[in-house]
file run-v6.txt (compact mmCIF, C-alpha atoms and all ligand atoms)
# COMPACT_ATOMS: atom_id res chain seq x y z
CA MET A 992 -7.81 -11.11 24.37
CA ARG A 993 -7.67 -12.53 20.81
CA ARG A 994 -7.47 -16.30 20.52
CA PRO A 995 -4.45 -17.39 18.47
CA ILE A 996 -5.11 -19.05 15.13
CA LEU A 997 -2.63 -21.23 13.24
CA ALA A 998 -3.56 -22.22 9.70
CA ALA A 999 -1.74 -24.75 7.54
CA ASN A 1000 -1.81 -23.92 3.83
CA TRP A 1001 -0.90 -27.13 2.03
CA LYS A 1002 -1.06 -25.33 -1.35
CA MET A 1003 -0.86 -27.87 -4.22
CA ASN A 1004 0.57 -30.65 -2.06
CA LEU A 1005 -0.81 -33.80 -0.40
CA GLY A 1006 -3.65 -33.76 -2.92
CA ARG A 1007 -4.13 -37.53 -3.13
CA ALA A 1008 -6.34 -39.09 -0.47
CA ASP A 1009 -3.79 -41.70 0.59
CA GLU A 1010 -0.98 -39.19 1.23
CA ALA A 1011 -3.27 -36.59 2.78
CA LEU A 1012 -4.83 -39.06 5.17
CA GLU A 1013 -1.50 -40.56 6.13
CA PHE A 1014 -0.30 -37.09 7.12
CA VAL A 1015 -3.57 -36.31 8.92
CA ARG A 1016 -3.23 -39.52 10.94
CA ARG A 1017 0.26 -38.47 12.02
CA ILE A 1018 -0.66 -35.01 13.22
CA ARG A 1019 -4.27 -35.12 14.34
CA PHE A 1020 -3.88 -36.46 17.88
CA PRO A 1021 -0.89 -34.37 19.00
CA LEU A 1022 -2.37 -31.30 17.26
CA SER A 1023 -5.73 -31.89 18.92
CA GLU A 1024 -4.12 -31.89 22.32
CA ILE A 1025 -2.64 -28.41 21.94
CA GLU A 1026 -5.30 -26.20 23.43
CA GLY A 1027 -5.22 -22.43 23.47
CA ALA A 1028 -5.37 -21.81 19.71
CA ASP A 1029 -7.67 -22.41 16.78
CA ARG A 1030 -6.03 -24.90 14.42
CA VAL A 1031 -6.98 -24.98 10.74
CA VAL A 1032 -5.79 -27.24 7.93
CA CYS A 1033 -6.33 -26.05 4.34
CA PRO A 1034 -5.79 -28.95 1.92
CA PRO A 1035 -6.35 -28.99 -1.85
CA PHE A 1036 -9.98 -29.32 -3.02
CA THR A 1037 -9.42 -32.93 -4.11
CA VAL A 1038 -9.03 -34.06 -0.51
CA LEU A 1039 -11.10 -31.47 1.33
CA ALA A 1040 -13.90 -33.91 2.13
CA ALA A 1041 -11.53 -36.72 3.08
CA VAL A 1042 -9.47 -34.48 5.36
CA ALA A 1043 -12.63 -33.02 6.89
CA GLU A 1044 -13.79 -36.55 7.67
CA GLY A 1045 -10.39 -37.52 9.06
CA LEU A 1046 -10.43 -34.49 11.36
CA ALA A 1047 -14.13 -34.62 12.23
CA PRO A 1048 -13.69 -36.15 15.66
CA THR A 1049 -11.09 -33.50 16.57
CA PRO A 1050 -11.17 -29.75 17.32
CA ILE A 1051 -9.04 -29.11 14.21
CA ALA A 1052 -10.98 -27.14 11.59
CA VAL A 1053 -10.67 -27.40 7.82
CA GLY A 1054 -10.40 -24.58 5.30
CA ALA A 1055 -10.39 -24.25 1.53
CA GLN A 1056 -7.66 -22.39 -0.34
CA ASN A 1057 -9.96 -20.35 -2.59
CA MET A 1058 -13.53 -20.05 -3.86
CA HIS A 1059 -15.54 -18.25 -6.55
CA PHE A 1060 -17.75 -15.31 -5.62
CA GLU A 1061 -20.80 -16.69 -7.42
CA ASP A 1062 -22.90 -19.43 -5.85
CA LYS A 1063 -23.35 -21.49 -9.01
CA GLY A 1064 -23.42 -21.25 -12.77
CA ALA A 1065 -21.23 -21.51 -15.85
CA HIS A 1066 -17.83 -21.34 -14.14
CA THR A 1067 -16.00 -24.45 -15.26
CA GLY A 1068 -13.55 -25.74 -12.69
CA GLU A 1069 -14.60 -23.32 -9.98
CA ILE A 1070 -15.80 -24.05 -6.44
CA SER A 1071 -18.40 -21.88 -4.71
CA ALA A 1072 -19.05 -20.91 -1.10
CA ALA A 1073 -22.33 -22.80 -1.36
CA MET A 1074 -20.35 -25.96 -2.16
CA LEU A 1075 -17.92 -25.39 0.70
CA ALA A 1076 -20.55 -24.61 3.33
CA GLY A 1077 -20.96 -27.67 5.53
CA LEU A 1078 -17.66 -29.11 4.29
CA CYS A 1079 -15.27 -26.65 5.92
CA ARG A 1080 -15.32 -23.59 8.19
CA TYR A 1081 -12.60 -21.37 6.70
CA VAL A 1082 -11.53 -20.20 3.27
CA ILE A 1083 -8.29 -18.49 2.27
CA LEU A 1084 -9.03 -15.54 -0.02
CA GLY A 1085 -6.68 -13.38 -2.05
CA HIS A 1086 -3.53 -15.42 -1.48
CA SER A 1087 -0.71 -13.65 -3.29
CA GLU A 1088 0.12 -16.76 -5.32
CA ARG A 1089 -3.37 -16.46 -6.79
CA ARG A 1090 -3.31 -12.68 -7.11
CA ALA A 1091 0.02 -12.99 -8.95
CA ALA A 1092 -1.53 -15.39 -11.45
CA GLY A 1093 -3.83 -12.49 -12.29
CA GLY A 1094 -7.20 -12.57 -13.97
CA ALA A 1095 -10.63 -11.24 -13.18
CA LEU A 1096 -11.15 -13.60 -10.25
CA GLU A 1097 -8.27 -12.20 -8.20
CA THR A 1098 -8.69 -8.45 -8.48
CA ASP A 1099 -9.36 -6.39 -5.35
CA ALA A 1100 -12.98 -6.08 -6.47
CA ALA A 1101 -13.32 -9.85 -6.92
CA ILE A 1102 -11.79 -10.52 -3.52
CA GLN A 1103 -14.24 -8.05 -1.96
CA ARG A 1104 -17.11 -10.04 -3.51
CA LYS A 1105 -15.60 -13.32 -2.29
CA VAL A 1106 -15.37 -12.02 1.29
CA LYS A 1107 -19.07 -11.05 1.22
CA THR A 1108 -20.13 -14.38 -0.27
CA ALA A 1109 -18.05 -16.39 2.18
CA LEU A 1110 -19.56 -14.56 5.16
CA ALA A 1111 -23.06 -15.03 3.78
CA ARG A 1112 -22.40 -18.78 3.79
CA ASP A 1113 -21.00 -18.72 7.33
CA LEU A 1114 -17.45 -19.39 6.19
CA THR A 1115 -14.65 -17.50 7.93
CA PRO A 1116 -12.46 -15.78 5.34
CA ILE A 1117 -8.72 -15.66 5.87
CA VAL A 1118 -8.02 -12.57 3.78
CA CYS A 1119 -4.42 -12.34 2.55
CA VAL A 1120 -2.69 -9.01 2.01
CA GLY A 1121 0.93 -8.04 1.50
CA GLU A 1122 3.37 -6.07 -0.56
CA ASN A 1123 5.93 -7.29 -3.09
CA LEU A 1124 9.67 -6.72 -2.90
CA ALA A 1125 9.70 -3.62 -5.13
CA GLN A 1126 6.93 -2.03 -3.07
CA MET A 1127 8.72 -2.80 0.17
CA GLU A 1128 11.98 -1.35 -1.12
CA ALA A 1129 10.20 1.75 -2.41
CA GLY A 1130 8.60 2.37 0.98
CA GLU A 1131 5.11 1.70 -0.37
CA THR A 1132 4.11 -1.04 2.05
CA HIS A 1133 1.74 1.09 4.11
CA ALA A 1134 -0.14 2.56 1.15
CA TRP A 1135 -0.44 -0.81 -0.56
CA VAL A 1136 -1.49 -2.91 2.42
CA SER A 1137 -3.95 -0.37 3.82
CA GLY A 1138 -5.45 -0.05 0.32
CA GLN A 1139 -5.91 -3.83 0.11
CA ILE A 1140 -7.61 -3.82 3.52
CA THR A 1141 -9.95 -0.96 2.64
CA SER A 1142 -10.93 -2.65 -0.59
CA ALA A 1143 -11.42 -6.16 0.80
CA PHE A 1144 -13.83 -5.05 3.52
CA GLU A 1145 -15.68 -2.25 1.75
CA GLY A 1146 -19.43 -2.47 2.23
CA LEU A 1147 -19.28 -4.82 5.22
CA SER A 1148 -20.67 -4.09 8.66
CA ALA A 1149 -18.39 -3.89 11.68
CA VAL A 1150 -19.83 -7.17 12.94
CA GLN A 1151 -19.00 -8.89 9.65
CA VAL A 1152 -15.45 -7.55 9.64
CA ALA A 1153 -14.90 -8.77 13.19
CA ARG A 1154 -15.68 -12.32 12.01
CA CYS A 1155 -12.83 -12.29 9.48
CA VAL A 1156 -9.21 -13.32 9.88
CA ILE A 1157 -6.48 -11.40 8.06
CA ALA A 1158 -3.11 -12.82 7.01
CA TYR A 1159 -0.34 -10.28 6.50
CA GLU A 1160 1.98 -12.01 4.05
CA PRO A 1161 4.76 -9.95 2.51
CA ILE A 1162 5.15 -11.57 -0.91
CA TRP A 1163 8.93 -11.47 -0.74
CA ALA A 1164 8.81 -13.62 2.40
CA ILE A 1165 6.58 -16.42 1.07
CA GLY A 1166 8.46 -19.63 0.38
CA THR A 1167 11.79 -17.81 0.26
CA GLY A 1168 13.22 -18.60 3.68
CA ARG A 1169 13.49 -14.84 4.19
CA ALA A 1170 10.88 -14.09 6.83
CA ALA A 1171 10.06 -10.52 7.81
CA THR A 1172 11.42 -9.51 11.17
CA PRO A 1173 8.77 -9.88 13.87
CA VAL A 1174 9.08 -6.17 14.69
CA ASP A 1175 8.52 -5.13 11.06
CA ALA A 1176 5.58 -7.51 10.64
CA ASN A 1177 4.04 -6.24 13.87
CA ARG A 1178 4.46 -2.65 12.71
CA VAL A 1179 2.64 -3.26 9.41
CA ILE A 1180 -0.14 -5.12 11.20
CA ALA A 1181 -0.58 -2.34 13.77
CA LEU A 1182 -0.10 0.73 11.58
CA SER A 1183 -1.42 -0.42 8.22
CA ILE A 1184 -3.95 -3.16 9.00
CA ARG A 1185 -5.45 -2.36 12.41
CA ALA A 1186 -5.27 1.38 11.77
CA SER A 1187 -7.20 0.98 8.48
CA LEU A 1188 -9.77 -1.19 10.22
CA ALA A 1189 -10.11 1.40 12.98
CA GLU A 1190 -10.69 4.13 10.43
CA GLY A 1191 -13.36 2.18 8.58
CA PHE A 1192 -15.06 0.25 11.34
CA GLY A 1193 -13.95 1.61 14.72
CA GLU A 1194 -11.24 0.83 17.23
CA GLU A 1195 -13.16 -2.02 18.84
CA VAL A 1196 -13.28 -3.96 15.58
CA ALA A 1197 -9.65 -3.16 14.83
CA GLN A 1198 -8.68 -4.69 18.15
CA ALA A 1199 -10.99 -7.69 17.78
CA VAL A 1200 -9.90 -8.93 14.35
CA ARG A 1201 -7.29 -11.65 14.41
CA VAL A 1202 -4.28 -11.00 12.20
CA GLN A 1203 -1.80 -13.68 11.26
CA TYR A 1204 1.69 -13.29 9.91
CA GLY A 1205 2.69 -15.49 6.96
CA GLY A 1206 5.97 -15.89 5.07
CA SER A 1207 8.66 -18.48 5.83
CA VAL A 1208 7.35 -19.23 9.31
CA THR A 1209 9.21 -22.15 10.86
CA VAL A 1210 9.38 -24.06 14.09
CA ASP A 1211 12.42 -21.92 14.95
CA ASN A 1212 10.97 -18.45 14.37
CA ILE A 1213 7.28 -18.85 15.30
CA ALA A 1214 7.77 -17.94 18.95
CA ASP A 1215 9.30 -14.56 18.02
CA PHE A 1216 6.28 -13.68 15.88
CA MET A 1217 3.80 -14.82 18.51
CA ALA A 1218 5.53 -12.71 21.14
CA MET A 1219 4.48 -9.58 19.21
CA PRO A 1220 1.39 -7.84 20.57
CA ASP A 1221 -0.46 -7.46 17.26
CA ILE A 1222 0.31 -10.89 15.76
CA ASP A 1223 -2.33 -13.47 16.60
CA GLY A 1224 -1.07 -16.49 14.71
CA ALA A 1225 0.38 -17.62 11.42
CA LEU A 1226 -0.55 -18.84 7.98
CA VAL A 1227 2.05 -21.51 7.36
CA GLY A 1228 2.93 -22.97 3.97
CA GLY A 1229 6.05 -25.13 3.62
CA ALA A 1230 6.51 -25.81 7.32
CA SER A 1231 2.94 -27.11 7.62
CA LEU A 1232 3.83 -30.12 5.46
CA LYS A 1233 6.35 -31.47 7.95
CA PRO A 1234 5.47 -33.66 10.93
CA ASP A 1235 7.14 -31.13 13.26
CA TYR A 1236 4.35 -28.68 12.35
CA VAL A 1237 2.84 -29.90 15.61
CA ASP A 1238 5.87 -28.50 17.46
CA LEU A 1239 5.46 -25.21 15.58
CA VAL A 1240 1.87 -24.92 16.82
CA ARG A 1241 2.89 -25.90 20.35
CA ARG A 1242 5.58 -23.23 20.42
CA ALA A 1243 3.14 -20.67 19.04
CA VAL A 1244 0.68 -21.33 21.84
CA GLU A 1245 3.39 -21.21 24.50
CA ALA A 1246 4.74 -17.92 23.16
CA ALA A 1247 1.26 -16.39 22.85
CA GLY A 1248 0.56 -17.27 26.46
CA SER A 1249 3.68 -15.46 27.60
CA HIS A 1250 2.47 -11.96 26.73
C1 LIG B 1 1.73 -19.32 2.52
O1 LIG B 1 1.51 -20.31 1.86
O2 LIG B 1 0.85 -18.50 2.72
C2 LIG B 1 3.08 -19.14 3.06
C3 LIG B 1 3.29 -18.16 3.90
O3 LIG B 1 4.06 -20.02 2.65
P1 LIG B 1 5.47 -20.28 3.38
O4 LIG B 1 5.17 -20.50 4.84
O5 LIG B 1 6.00 -21.50 2.72
O6 LIG B 1 6.32 -19.07 3.18
call {"tool": "encode", "arguments": {"input": "run-v6.txt", "output": "structure tokens"}}
result
Amino acid sequence: MRRPILAANWKMNLGRADEALEFVRRIRFPLSEIEGADRVVCPPFTVLAAVAEGLAPTPIAVGAQNMHFEDKGAHTGEISAAMLAGLCRYVILGHSERRAAGGALETDAAIQRKVKTALARDLTPIVCVGENLAQMEAGETHAWVSGQITSAFEGLSAVQVARCVIAYEPIWAIGTGRAATPVDANRVIALSIRASLAEGFGEEVAQAVRVQYGGSVTVDNIADFMAMPDIDGALVGGASLKPDYVDLVRRAVEAAGSH
């Protein structure tokens, strides 16, 4: 039985301490009371410490939205796993909005290094994978997503892989209001993600890793995703900035408990 995990990706929003803390104060008590799922909030770096402090007395965990694969050095503007350790428990890696921006820090090889570094610092990576619209329309989703999975976890032990969380986020569904159908998302997670994990690390690991769906998740569609057998939660962008995010998490937990 995999424990559901709901992660809020604030992206480049609520980055001032006053606005971030006001929002945290609104959601922290009702969100704390929803048991039966891990709850993670991933704010911008500028308010990571403040949000972590605001959530410290609660079971809600904090995550970063990215990190560098080196521990320290001449990397102006970058944040390392060593800096995040002790401040937060999770880190989103390889989000498609970052991969799309390109550059040497978001290649498959760089993301593989980030996953290793994060684990070495006891951070739980939320590794994002997903195809773009052209790939989906060309029927290339399986090859692309399984390739991203193989690359991200190459060189890790089965135990290390089992500690990771994966977010399947079709790029065409992120921020567009056009979510994947739950059946399609479940199929990619089962046949492209878990099957690749099984091939590389064994069936036990493939069944142990928690896989989220992400892409236009809302309070109205979350239950349908959570009812799917291979979907263990969601990475939520836009809908995580609204006070009814608490209802979204509540519905997710209820739906997960029903299968
Ligand atoms: C995301 O930020 O990863 C995401 C899925 O965004 P949205 O929920 O807004 O589509």
call {"tool": "closest_residue", "arguments": {"input": "run-v6.txt", "among": "A:Met1127, A:Ile1070, A:Cys1119, A:Ala1100", "to": "ligand LIG 1 (chain B)", "atoms": "all atoms listed in the file"}}
result
A:Cys1119
call {"tool": "closest_atom_pairs", "arguments": {"input": "run-v6.txt", "of": "chain A", "to": "ligand LIG 1 (chain B)", "cutoff": "9 Å", "atoms": "all atoms listed in the file", "output": "CSV"}}
result
residue,atom,partner,partner_atom,distance
A:Ala999,CA,B:LIG1,O1,7.9
A:Asn1000,CA,B:LIG1,O1,5.3
A:Trp1001,CA,B:LIG1,O1,7.2
A:Lys1002,CA,B:LIG1,O1,6.5
A:His1086,CA,B:LIG1,O2,6.8
A:Ser1087,CA,B:LIG1,O2,7.9
A:Glu1088,CA,B:LIG1,O1,8.1
A:Cys1119,CA,B:LIG1,O2,8.1
A:Ala1158,CA,B:LIG1,O2,8.1
A:Glu1160,CA,B:LIG1,C3,6.3
A:Pro1161,CA,B:LIG1,C3,8.5
A:Ile1162,CA,B:LIG1,C3,8.4
A:Trp1163,CA,B:LIG1,O6,8.9
A:Ala1164,CA,B:LIG1,O6,6.0
A:Ile1165,CA,B:LIG1,O6,3.4
A:Gly1166,CA,B:LIG1,O6,3.6
A:Thr1167,CA,B:LIG1,O6,6.3
A:Gly1168,CA,B:LIG1,O6,6.9
A:Arg1169,CA,B:LIG1,O6,8.4
A:Ala1170,CA,B:LIG1,O6,7.7
A:Tyr1204,CA,B:LIG1,C3,7.9
A:Gly1205,CA,B:LIG1,C3,4.1
A:Gly1206,CA,B:LIG1,C3,3.7
A:Ser1207,CA,B:LIG1,O6,3.6
A:Val1208,CA,B:LIG1,O4,5.1
A:Thr1209,CA,B:LIG1,O4,7.4
A:Ala1225,CA,B:LIG1,C3,8.1
A:Leu1226,CA,B:LIG1,O2,5.5
A:Val1227,CA,B:LIG1,O4,4.1
A:Gly1228,CA,B:LIG1,O3,3.4
A:Gly1229,CA,B:LIG1,O5,3.7
A:Ala1230,CA,B:LIG1,O4,6.0
A:Ser1231,CA,B:LIG1,O4,7.5
call {"tool": "write_last_selection", "arguments": {"input": "run-v6.txt", "atoms": "C-alpha atoms", "output": "PDB file, in the frame of the given file"}}
result
ATOM      1  CA  ALA A 999      -1.740 -24.750   7.540  1.00  0.00           C
ATOM      2  CA  ASN A1000      -1.810 -23.920   3.830  1.00  0.00           C
ATOM      3  CA  TRP A1001      -0.900 -27.130   2.030  1.00  0.00           C
ATOM      4  CA  LYS A1002      -1.060 -25.330  -1.350  1.00  0.00           C
ATOM      5  CA  HIS A1086      -3.530 -15.420  -1.480  1.00  0.00           C
ATOM      6  CA  SER A1087      -0.710 -13.650  -3.290  1.00  0.00           C
ATOM      7  CA  GLU A1088       0.120 -16.760  -5.320  1.00  0.00           C
ATOM      8  CA  CYS A1119      -4.420 -12.340   2.550  1.00  0.00           C
ATOM      9  CA  ALA A1158      -3.110 -12.820   7.010  1.00  0.00           C
ATOM     10  CA  GLU A1160       1.980 -12.010   4.050  1.00  0.00           C
ATOM     11  CA  PRO A1161       4.760  -9.950   2.510  1.00  0.00           C
ATOM     12  CA  ILE A1162       5.150 -11.570  -0.910  1.00  0.00           C
ATOM     13  CA  TRP A1163       8.930 -11.470  -0.740  1.00  0.00           C
ATOM     14  CA  ALA A1164       8.810 -13.620   2.400  1.00  0.00           C
ATOM     15  CA  ILE A1165       6.580 -16.420   1.070  1.00  0.00           C
ATOM     16  CA  GLY A1166       8.460 -19.630   0.380  1.00  0.00           C
ATOM     17  CA  THR A1167      11.790 -17.810   0.260  1.00  0.00           C
ATOM     18  CA  GLY A1168      13.220 -18.600   3.680  1.00  0.00           C
ATOM     19  CA  ARG A1169      13.490 -14.840   4.190  1.00  0.00           C
ATOM     20  CA  ALA A1170      10.880 -14.090   6.830  1.00  0.00           C
ATOM     21  CA  TYR A1204       1.690 -13.290   9.910  1.00  0.00           C
ATOM     22  CA  GLY A1205       2.690 -15.490   6.960  1.00  0.00           C
ATOM     23  CA  GLY A1206       5.970 -15.890   5.070  1.00  0.00           C
ATOM     24  CA  SER A1207       8.660 -18.480   5.830  1.00  0.00           C
ATOM     25  CA  VAL A1208       7.350 -19.230   9.310  1.00  0.00           C
ATOM     26  CA  THR A1209       9.210 -22.150  10.860  1.00  0.00           C
ATOM     27  CA  ALA A1225       0.380 -17.620  11.420  1.00  0.00           C
ATOM     28  CA  LEU A1226      -0.550 -18.840   7.980  1.00  0.00           C
ATOM     29  CA  VAL A1227       2.050 -21.510   7.360  1.00  0.00           C
ATOM     30  CA  GLY A1228       2.930 -22.970   3.970  1.00  0.00           C
ATOM     31  CA  GLY A1229       6.050 -25.130   3.620  1.00  0.00           C
ATOM     32  CA  ALA A1230       6.510 -25.810   7.320  1.00  0.00           C
ATOM     33  CA  SER A1231       2.940 -27.110   7.620  1.00  0.00           C
TER      34      SER A1231
END
call {"tool": "atom_distance", "arguments": {"input": "run-v6.txt", "atom1": "CA of Val1038 (chain A)", "atom2": "CA of Ile1018 (chain A)"}}
result
16.1 Å
call {"tool": "closest_atom_pairs", "arguments": {"input": "run-v6.txt", "of": "region 1055-1147 of chain A", "to": "region 1152-1157 of chain A", "cutoff": "12 Å", "atoms": "all atoms listed in the file", "output": "CSV"}}
result
residue,atom,partner,partner_atom,distance
A:Arg1080,CA,A:Cys1155,CA,11.6
A:Tyr1081,CA,A:Val1156,CA,9.3
A:Val1082,CA,A:Val1156,CA,9.8
A:Ile1083,CA,A:Val1156,CA,9.2
A:Leu1084,CA,A:Ile1157,CA,9.4
A:Gly1085,CA,A:Ile1157,CA,10.3
A:His1086,CA,A:Ile1157,CA,10.8
A:Gln1103,CA,A:Val1152,CA,11.7
A:Val1106,CA,A:Cys1155,CA,8.6
A:Lys1107,CA,A:Val1152,CA,9.8
A:Ala1109,CA,A:Cys1155,CA,9.9
A:Leu1110,CA,A:Arg1154,CA,8.2
A:Ala1111,CA,A:Arg1154,CA,11.4
A:Asp1113,CA,A:Arg1154,CA,9.5
A:Leu1114,CA,A:Cys1155,CA,9.1
A:Thr1115,CA,A:Cys1155,CA,5.7
A:Pro1116,CA,A:Cys1155,CA,5.4
A:Ile1117,CA,A:Val1156,CA,4.7
A:Val1118,CA,A:Ile1157,CA,4.7
A:Cys1119,CA,A:Ile1157,CA,6.0
A:Val1120,CA,A:Ile1157,CA,7.5
A:Gly1121,CA,A:Ile1157,CA,10.5
A:Val1136,CA,A:Ile1157,CA,11.3
A:Gln1139,CA,A:Ile1157,CA,11.0
A:Ile1140,CA,A:Ile1157,CA,8.9
A:Thr1141,CA,A:Val1152,CA,11.1
A:Ala1143,CA,A:Val1152,CA,9.8
A:Phe1144,CA,A:Val1152,CA,6.8
A:Glu1145,CA,A:Val1152,CA,9.5
A:Gly1146,CA,A:Val1152,CA,9.8
A:Leu1147,CA,A:Val1152,CA,6.5
call {"tool": "write_last_selection", "arguments": {"input": "run-v6.txt", "atoms": "C-alpha atoms", "output": "compact mmCIF listing (two decimals), keeping the file's coordinate frame"}}
result
# COMPACT_ATOMS: atom_id res chain seq x y z
CA ARG A 1080 -15.32 -23.59 8.19
CA TYR A 1081 -12.60 -21.37 6.70
CA VAL A 1082 -11.53 -20.20 3.27
CA ILE A 1083 -8.29 -18.49 2.27
CA LEU A 1084 -9.03 -15.54 -0.02
CA GLY A 1085 -6.68 -13.38 -2.05
CA HIS A 1086 -3.53 -15.42 -1.48
CA GLN A 1103 -14.24 -8.05 -1.96
CA VAL A 1106 -15.37 -12.02 1.29
CA LYS A 1107 -19.07 -11.05 1.22
CA ALA A 1109 -18.05 -16.39 2.18
CA LEU A 1110 -19.56 -14.56 5.16
CA ALA A 1111 -23.06 -15.03 3.78
CA ASP A 1113 -21.00 -18.72 7.33
CA LEU A 1114 -17.45 -19.39 6.19
CA THR A 1115 -14.65 -17.50 7.93
CA PRO A 1116 -12.46 -15.78 5.34
CA ILE A 1117 -8.72 -15.66 5.87
CA VAL A 1118 -8.02 -12.57 3.78
CA CYS A 1119 -4.42 -12.34 2.55
CA VAL A 1120 -2.69 -9.01 2.01
CA GLY A 1121 0.93 -8.04 1.50
CA VAL A 1136 -1.49 -2.91 2.42
CA GLN A 1139 -5.91 -3.83 0.11
CA ILE A 1140 -7.61 -3.82 3.52
CA THR A 1141 -9.95 -0.96 2.64
CA ALA A 1143 -11.42 -6.16 0.80
CA PHE A 1144 -13.83 -5.05 3.52
CA GLU A 1145 -15.68 -2.25 1.75
CA GLY A 1146 -19.43 -2.47 2.23
CA LEU A 1147 -19.28 -4.82 5.22
call {"tool": "atom_distance", "arguments": {"input": "run-v6.txt", "atom1": "CA of Ile1025 (chain A)", "atom2": "CA of Ala1076 (chain A)"}}
result
26.1 Å
call {"tool": "closest_residue", "arguments": {"input": "run-v6.txt", "among": "A:Arg1090, A:His1133, A:Lys1233, A:Arg1017", "to": "Arg1185 (chain A)", "atoms": "only C-alpha atoms"}}
result
A:His1133
call {"tool": "closest_residue", "arguments": {"input": "run-v6.txt", "among": "A:Leu1239, A:Leu1096, A:Leu1012, A:Ala1052", "to": "Glu1069 (chain A)", "atoms": "all atoms listed in the file"}}
result
A:Leu1096
call {"tool": "atom_distance", "arguments": {"input": "run-v6.txt", "atom1": "CA of Gly1064 (chain A)", "atom2": "CA of Lys1105 (chain A)"}}
result
15.3 Å
call {"tool": "residues_around", "arguments": {"input": "run-v6.txt", "residues": "Ala1073 (chain A)", "least_positions_apart": "3", "cutoff": "8 Å", "atoms": "only C-alpha atoms", "output": "JSON, numbers by chain"}}
result
{"A": [1062, 1063, 1076, 1112]}
call {"tool": "residues_around", "arguments": {"input": "run-v6.txt", "residues": "Ala1176 (chain A)", "least_positions_apart": "2", "cutoff": "10 Å", "atoms": "all atoms listed in the file", "output": "JSON, numbers by chain"}}
result
{"A": [1159, 1160, 1161, 1170, 1171, 1172, 1173, 1174, 1178, 1179, 1180, 1181, 1203, 1204, 1205, 1216, 1219, 1221, 1222]}
call {"tool": "build_atoms", "arguments": {"input": "run-v6.txt", "residues": "region 1024-1028 of chain A", "atoms": "all heavy atoms", "output": "PDB file, in the coordinates of the input"}}
result
ATOM      1  N   GLU A1024      -4.378 -32.075  20.892  1.00  0.00           N
ATOM      2  CA  GLU A1024      -4.120 -31.890  22.320  1.00  0.00           C
ATOM      3  C   GLU A1024      -3.584 -30.518  22.672  1.00  0.00           C
ATOM      4  O   GLU A1024      -3.540 -30.142  23.838  1.00  0.00           O
ATOM      5  CB  GLU A1024      -3.124 -32.967  22.799  1.00  0.00           C
ATOM      6  CG  GLU A1024      -3.819 -34.299  23.005  1.00  0.00           C
ATOM      7  CD  GLU A1024      -2.848 -35.447  23.219  1.00  0.00           C
ATOM      8  OE1 GLU A1024      -1.623 -35.200  23.237  1.00  0.00           O
ATOM      9  OE2 GLU A1024      -3.331 -36.565  23.362  1.00  0.00           O
ATOM     10  N   ILE A1025      -3.177 -29.743  21.658  1.00  0.00           N
ATOM     11  CA  ILE A1025      -2.640 -28.410  21.940  1.00  0.00           C
ATOM     12  C   ILE A1025      -3.816 -27.446  22.056  1.00  0.00           C
ATOM     13  O   ILE A1025      -4.388 -27.024  21.053  1.00  0.00           O
ATOM     14  CB  ILE A1025      -1.680 -27.953  20.824  1.00  0.00           C
ATOM     15  CG1 ILE A1025      -0.576 -28.978  20.617  1.00  0.00           C
ATOM     16  CG2 ILE A1025      -1.083 -26.590  21.163  1.00  0.00           C
ATOM     17  CD1 ILE A1025       0.243 -28.735  19.368  1.00  0.00           C
ATOM     18  N   GLU A1026      -4.171 -27.121  23.271  1.00  0.00           N
ATOM     19  CA  GLU A1026      -5.300 -26.200  23.430  1.00  0.00           C
ATOM     20  C   GLU A1026      -4.777 -24.768  23.437  1.00  0.00           C
ATOM     21  O   GLU A1026      -3.582 -24.536  23.464  1.00  0.00           O
ATOM     22  CB  GLU A1026      -6.039 -26.529  24.725  1.00  0.00           C
ATOM     23  CG  GLU A1026      -6.763 -27.862  24.613  1.00  0.00           C
ATOM     24  CD  GLU A1026      -7.342 -28.335  25.922  1.00  0.00           C
ATOM     25  OE1 GLU A1026      -7.135 -27.661  26.949  1.00  0.00           O
ATOM     26  OE2 GLU A1026      -7.976 -29.398  25.905  1.00  0.00           O
ATOM     27  N   GLY A1027      -5.664 -23.823  23.380  1.00  0.00           N
ATOM     28  CA  GLY A1027      -5.220 -22.430  23.470  1.00  0.00           C
ATOM     29  C   GLY A1027      -5.039 -21.776  22.127  1.00  0.00           C
ATOM     30  O   GLY A1027      -4.520 -20.654  22.047  1.00  0.00           O
ATOM     31  N   ALA A1028      -5.429 -22.434  21.040  1.00  0.00           N
ATOM     32  CA  ALA A1028      -5.370 -21.810  19.710  1.00  0.00           C
ATOM     33  C   ALA A1028      -6.358 -22.515  18.795  1.00  0.00           C
ATOM     34  O   ALA A1028      -6.603 -23.719  18.943  1.00  0.00           O
ATOM     35  CB  ALA A1028      -3.973 -21.914  19.113  1.00  0.00           C
TER      36      ALA A1028
END
